[in-house]
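Q: One structure is given below, represented as structure tokens, and several questions about it will come after.
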Amino acid sequence: MSRKPLLSLALVGVLLLTAVMPAVAQDEVVFGIVLVGPENDRGWSQAHYEGGLYVEENLPGSRMVFFPSLNPADAPETTLNDVVQNMVDEGAQIIFTASDAFEEDTVAVAESFPDVTFINISGDDVLAGEAPANVGNMMGQMEWGKLIAGCAAGLSTQTGNIGYLGPLINGETRRLASSAYLGARYCYGLNGGNPEELNFTVTWIGFWFNIPGVTLDPTEETNSFYDNGADVVISGIDTPEVIQIAAQRAGNGEAVLALPYDFEGACELGPEVCLGVPYFHWGPSYLDMIGSVADGTWEQSWDWLGPDWSDINNPDTTNIGFRLGDALSEENAATLNQFIADLAAFATNPFVPDAFALWQGPLSLQDGTELAAEGQLVDVLDVWYLPQLIQGMVGASQ
Amino acid sequence: MKQHPALRVLYVIIPVLVSLAVTSALVIAVGESPFEVFEKLWEGAFRNTESVAGVVNFWIPLALACMGLIITFTAGLWNIGMEGQIMMGALFASWAARTIQLPPELLVPIELIIAALGGAFWGFVVGVLKTRFGVHEIFGGVGLNALVSVYAIYLISGPWRQPEGGNAQSTEPFPANALLNPMSDVFPVSLIALLITVAAILVVIWILRGTRWGLNLKATGKNPRSALLLGVPTTRSTLSAFMACGLLAGLAGAYRVLFTYDSLRPNVSGGIGFLALLVVLLVGIRPLWAPIIAFVFAAILAGSTRLRVSLQLDSSLAGVLQGTLVLVVLLFNGLRQRLTEARPASAAPAAHTSSTVSAPTSGSEGAAS
């Protein structure tokens with residue numbers, strides 16, 4: 001057998017290896033985003049990806065490198081460590097790990113890359129004092145968005161039966177589902193319903209998005225809500241199954257409504273059934289973080305960022321927002337806008353302590369433990385670490 | 001009659017070139033340069049010792065799974081339950097890592113043994129379903145895969161969940177003394193696991209080439225009915241093949257939880273069992289080739305991480321490359337078989353190739369026993 005093929009293969013190898021030179025220009029700012037789902041999921045991951053695009057547009061000389069669908073099912077061959085290594089080779093100085101799923105690995109990996117800044121989205125390692133010096137945390141105050149989404153559902157339901165499709169169960173998902181419930185209960189009352197009779201059911205699928213054979217099927221669970229008398233379903237998962245199913249069923253003449261989540265453009269998947277979408281707008285906060293790393297002023301922090309109350313949909317200032325949907329009646333849209341204005345008044349009132357509206361006693365947890373006494377506001381950190389769903393909701397707390 | 005060596009090399013190289021051409025065409029179709037794509041793949045896998053370690057870290061469980069499947073394929077069995085057997089090994093290893101408190105030099109071997117037993121047990125169940133109850137191993141395997149996967153989720157979000165509560169993604173990281181250690185910072189691969197994998201490869205080759213058990217497996221695989229008539233214990237062969245395969249799968253699972261990750265996670269087996277099926281399908285039952293092809297696959301997959309990061313190309317392109325490779329090789333083998341059958345003088349090697357395409361036959365020893 002001739003040795004030539006081997007030899008030429010080796011030669012090609014050497015040539016390729018020498019071609020591997022860092023391709024980073026001097027004043028280029030490279031930032032990495034690691035996503036748990038695909039960058040075009042019309043949900044959580046896409047919102048982050050678009051945040052990255054916003055930075056590329058608004059920060060001259062910046063370049064995004066991203067890695068989609070990092071999870072053992074979709075990318076078994078790679079780990080956060082490998083992905084970060086590749087991003088650092090591309091010149092990344094700051095890397096956003098955009099999922100609760102990366103919280104622990106981010107801390108471990110950050111210790112191997114002390115010169116790179118890591119921002120874990122939705123984590124609390126900094127708050128808990130467990131983060132290495134080069135790790136920060138960031139999250140949007142989606143509690144407001146969920147209050148508004150819940151309100152839209154409470155105003156619009158005819159059956160008094162609302163479904164909430166949740167991902168997995170943790171502090172974040174409990175407090176967001178509970179916010180939606182508080183908004184729904186309040187606004188159901190505004191339209192003459194009895195808040196005590198509102199049926200608000202949470203089903204958890206088990207992960208942030210559908211993994212066939214592993215999670216409950218969000219399509220099936222959405223259908224099951226509608227089959228069991230709910231006319232509005234609120235999505236709490238990363239992907240837009242809820243609005244897609246609602247649109248299908250509306251096509252068959254059913255009176256169903258939905259609220260997607262995470263991504264500003266999610267209503268486009270079913271405008272005729274969409275009451276609105278609470279969404280994350282990561283661009284401005286990403287821009288700040290990247291800018292501070294680039295000019296060396298970054299400091300470790302745990303940031304829980306609210307909307308710009310002067311305009312919650314201002315693309316250059318807000319961190320979370322809410323887009324009203326076409327399916328909202330004119331009257332309900334007016335009520336909802338007033339509700340948003342009330343929230344803004346509450347949040348910007350200098351005499352009100354830092355708290356979320358409607359998170360006010362009397363409130364109990366599902367097992368009857370008192371969360372807040374009559375008139376008392378729930379401390380924001382007690383909201384962050386909410387141990388159970390709020391009493392009145394149907395669904396598992398653990 | 002032996003084929004000319006150059007011809008045999010050609011039979012390997014041509015399918016590779018064809019699949020490279022097909023993939024290149026796809027890359028050009030999406031407006032990228034195939035050269036850049038292959039360069040990034042190469043870089044991703046082989047740019048430095050750390051990246052090679054990344055390849056090896058995926059190769060270890062994949063190679064273990066392949067060697068296990070070589071055994072079941074030899075015995076004529078489609079062990080689709082591989083994925084579940086890996087998962088079972090991961091579960092058992094996780095149980096040991098969470099429960100047993102011993103210094104690492106004792107704990108790690110115990111974990112590996114327990115994981116191997118877990119995998120072997122799950123293989124045994126597939127085997128018993130087949131030999132006792134006549135459940136074909138494909139159906140049994142698929143069912144058992146689902147079962148263990150759901151059970152793992154239950155453990156992660158239930159009894160084994162993190163104390164601070166609700167996190168369906170992983171159990172708490174295992175204590176440091178329960179984990180496999182990297183041999184060095186520049187080449188972070190577990191030495192023990194690497195040695196075990198190499199040993200497994202050699203042992204499987206030796207078993208199939210030089211032992212009575214290996215011969216029984218081959219006889220069972222070729223024709224279970226006549227093997228039984230000739231006095232080969234086919235039921236025992238089937239069961240032992242599943243258990244041996246499960247044993248190696250269990251080790252692969254242990255590696256995933258004790259080294260790749262540091263905790264039990266849903267889907268921790270990550271489709272490695274199915275990928276291994278693809279590899280073994282590609283190499284037929286030639287055990288020496290399996291770890292080599294597994295390495296190529298591991299390199300392509302690990303390299304594809306860079307493809308995503310640098311070119312923002314979807315790394316499913318790596319899957320496409322592998323898929324076409326397997327298809328083209330199978331097609332090519334079929335073609336080659338026809339050509340050689342046309343010339344009666346060289347019928348012997350053709351019989352060998354045919355095993356590539358139809359290695360596992362649905363055995364009927366279940367009915368016979």
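Residue numbering restarts at 1 in every chain; chains get A, B, ... in the order shown in the structure tokens, and ligands count up from 1 in that same order.
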Please return, as a PyMOL selection string, all residues of chain A lying within 9 Å of chain B when only C-alpha atoms are considered.

A: chain A and resi 1-2+13+16-17+19-20+32+65-68+71-79+82-83+85-87+90+100-101+104+168-171+206-207+213-215+387+398

Q: Would you pick out the contacts of region 366-373 of chain A at 9 Å or less, using only C-alpha atoms, so that residues sharing its chain but fewer than 4 positions from it are not included, and give the list as a list in words?

A: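 Contacts, in chain order: Trp359, Gln360, Gly361, Pro362, Leu377, Val378, Asp379, Asp382, Gln388, Leu389, Ile390, Gln391, Gly392, Met393, Val394 and Ser397 of chain A.
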
Q: Okay, now the selection with C-alpha atoms, as a PDB file, in the first residue's frame?

A:
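Written out: again35.pdb:
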```
ATOM      1  CA  TRP A 359     -47.913  41.336  45.492  1.00  0.00           C
ATOM      2  CA  GLN A 360     -49.693  42.628  48.521  1.00  0.00           C
ATOM      3  CA  GLY A 361     -51.396  40.891  51.464  1.00  0.00           C
ATOM      4  CA  PRO A 362     -53.480  39.156  52.326  1.00  0.00           C
ATOM      5  CA  LEU A 377     -46.106  44.266  50.400  1.00  0.00           C
ATOM      6  CA  VAL A 378     -44.096  41.127  49.702  1.00  0.00           C
ATOM      7  CA  ASP A 379     -40.351  41.767  49.880  1.00  0.00           C
ATOM      8  CA  ASP A 382     -39.209  36.821  48.881  1.00  0.00           C
ATOM      9  CA  GLN A 388     -44.597  27.746  46.479  1.00  0.00           C
ATOM     10  CA  LEU A 389     -47.373  28.931  44.214  1.00  0.00           C
ATOM     11  CA  ILE A 390     -49.865  31.410  45.627  1.00  0.00           C
ATOM     12  CA  GLN A 391     -52.982  30.042  47.266  1.00  0.00           C
ATOM     13  CA  GLY A 392     -55.867  29.966  44.812  1.00  0.00           C
ATOM     14  CA  MET A 393     -53.843  28.562  41.929  1.00  0.00           C
ATOM     15  CA  VAL A 394     -54.224  24.926  40.913  1.00  0.00           C
ATOM     16  CA  SER A 397     -45.509  23.777  43.733  1.00  0.00           C
TER      17      SER A 397
END
```

Q: Out of region 186-398 of chain A, which residues get alpha helix (DSSP H) from DSSP, as a VMD selection string?

A: chain A and resid 186 to 190 218 to 227 241 to 251 283 to 294 330 to 348 380 to 384

Q: If we count only C-alpha atoms, what is near region 182-198 of chain B at a cut-off of 8 Å, once residues fewer than 4 positions away on the same chain are taken out, given as a PyMOL selection string?

A: chain B and resi 49-50+52-54+56-57+60+63-64+202+255+259

Q: Could you save those same residues with N, CA and C atoms as a CSV table (one decimal), in the first residue's frame?

A:
```csv
chain,number,residue,atom,x,y,z
B,49,THR,N,-4.0,20.5,22.2
B,49,THR,CA,-4.2,19.3,22.9
B,49,THR,C,-5.6,19.3,23.6
B,50,GLU,N,-6.1,20.5,24.0
B,50,GLU,CA,-7.4,20.6,24.7
B,50,GLU,C,-8.5,20.1,23.8
B,52,VAL,N,-8.2,18.2,21.2
B,52,VAL,CA,-8.1,16.8,21.0
B,52,VAL,C,-8.7,16.0,22.1
B,53,ALA,N,-8.4,16.6,23.3
B,53,ALA,CA,-9.1,15.9,24.5
B,53,ALA,C,-10.6,16.0,24.4
B,54,GLY,N,-11.1,17.1,23.8
B,54,GLY,CA,-12.6,17.1,23.6
B,54,GLY,C,-13.0,16.0,22.8
B,56,VAL,N,-11.5,13.1,22.3
B,56,VAL,CA,-11.3,11.8,23.0
B,56,VAL,C,-12.4,11.6,24.1
B,57,ASN,N,-12.8,12.7,24.7
B,57,ASN,CA,-13.9,12.6,25.7
B,57,ASN,C,-15.2,12.2,25.1
B,60,ILE,N,-14.5,8.2,24.0
B,60,ILE,CA,-14.5,7.1,25.0
B,60,ILE,C,-15.9,6.5,25.1
B,63,ALA,N,-16.8,4.8,21.7
B,63,ALA,CA,-16.1,3.6,21.4
B,63,ALA,C,-16.6,2.4,22.3
B,64,LEU,N,-16.8,2.7,23.5
B,64,LEU,CA,-17.3,1.6,24.4
B,64,LEU,C,-18.6,1.1,23.9
B,202,LEU,N,-9.5,-4.2,22.8
B,202,LEU,CA,-8.7,-5.4,22.6
B,202,LEU,C,-9.4,-6.6,23.1
B,255,TYR,N,-19.1,7.2,32.5
B,255,TYR,CA,-18.1,8.2,32.0
B,255,TYR,C,-18.9,9.6,31.8
B,259,PHE,N,-17.5,12.1,34.4
B,259,PHE,CA,-16.4,13.0,33.8
B,259,PHE,C,-17.0,14.1,32.9
```
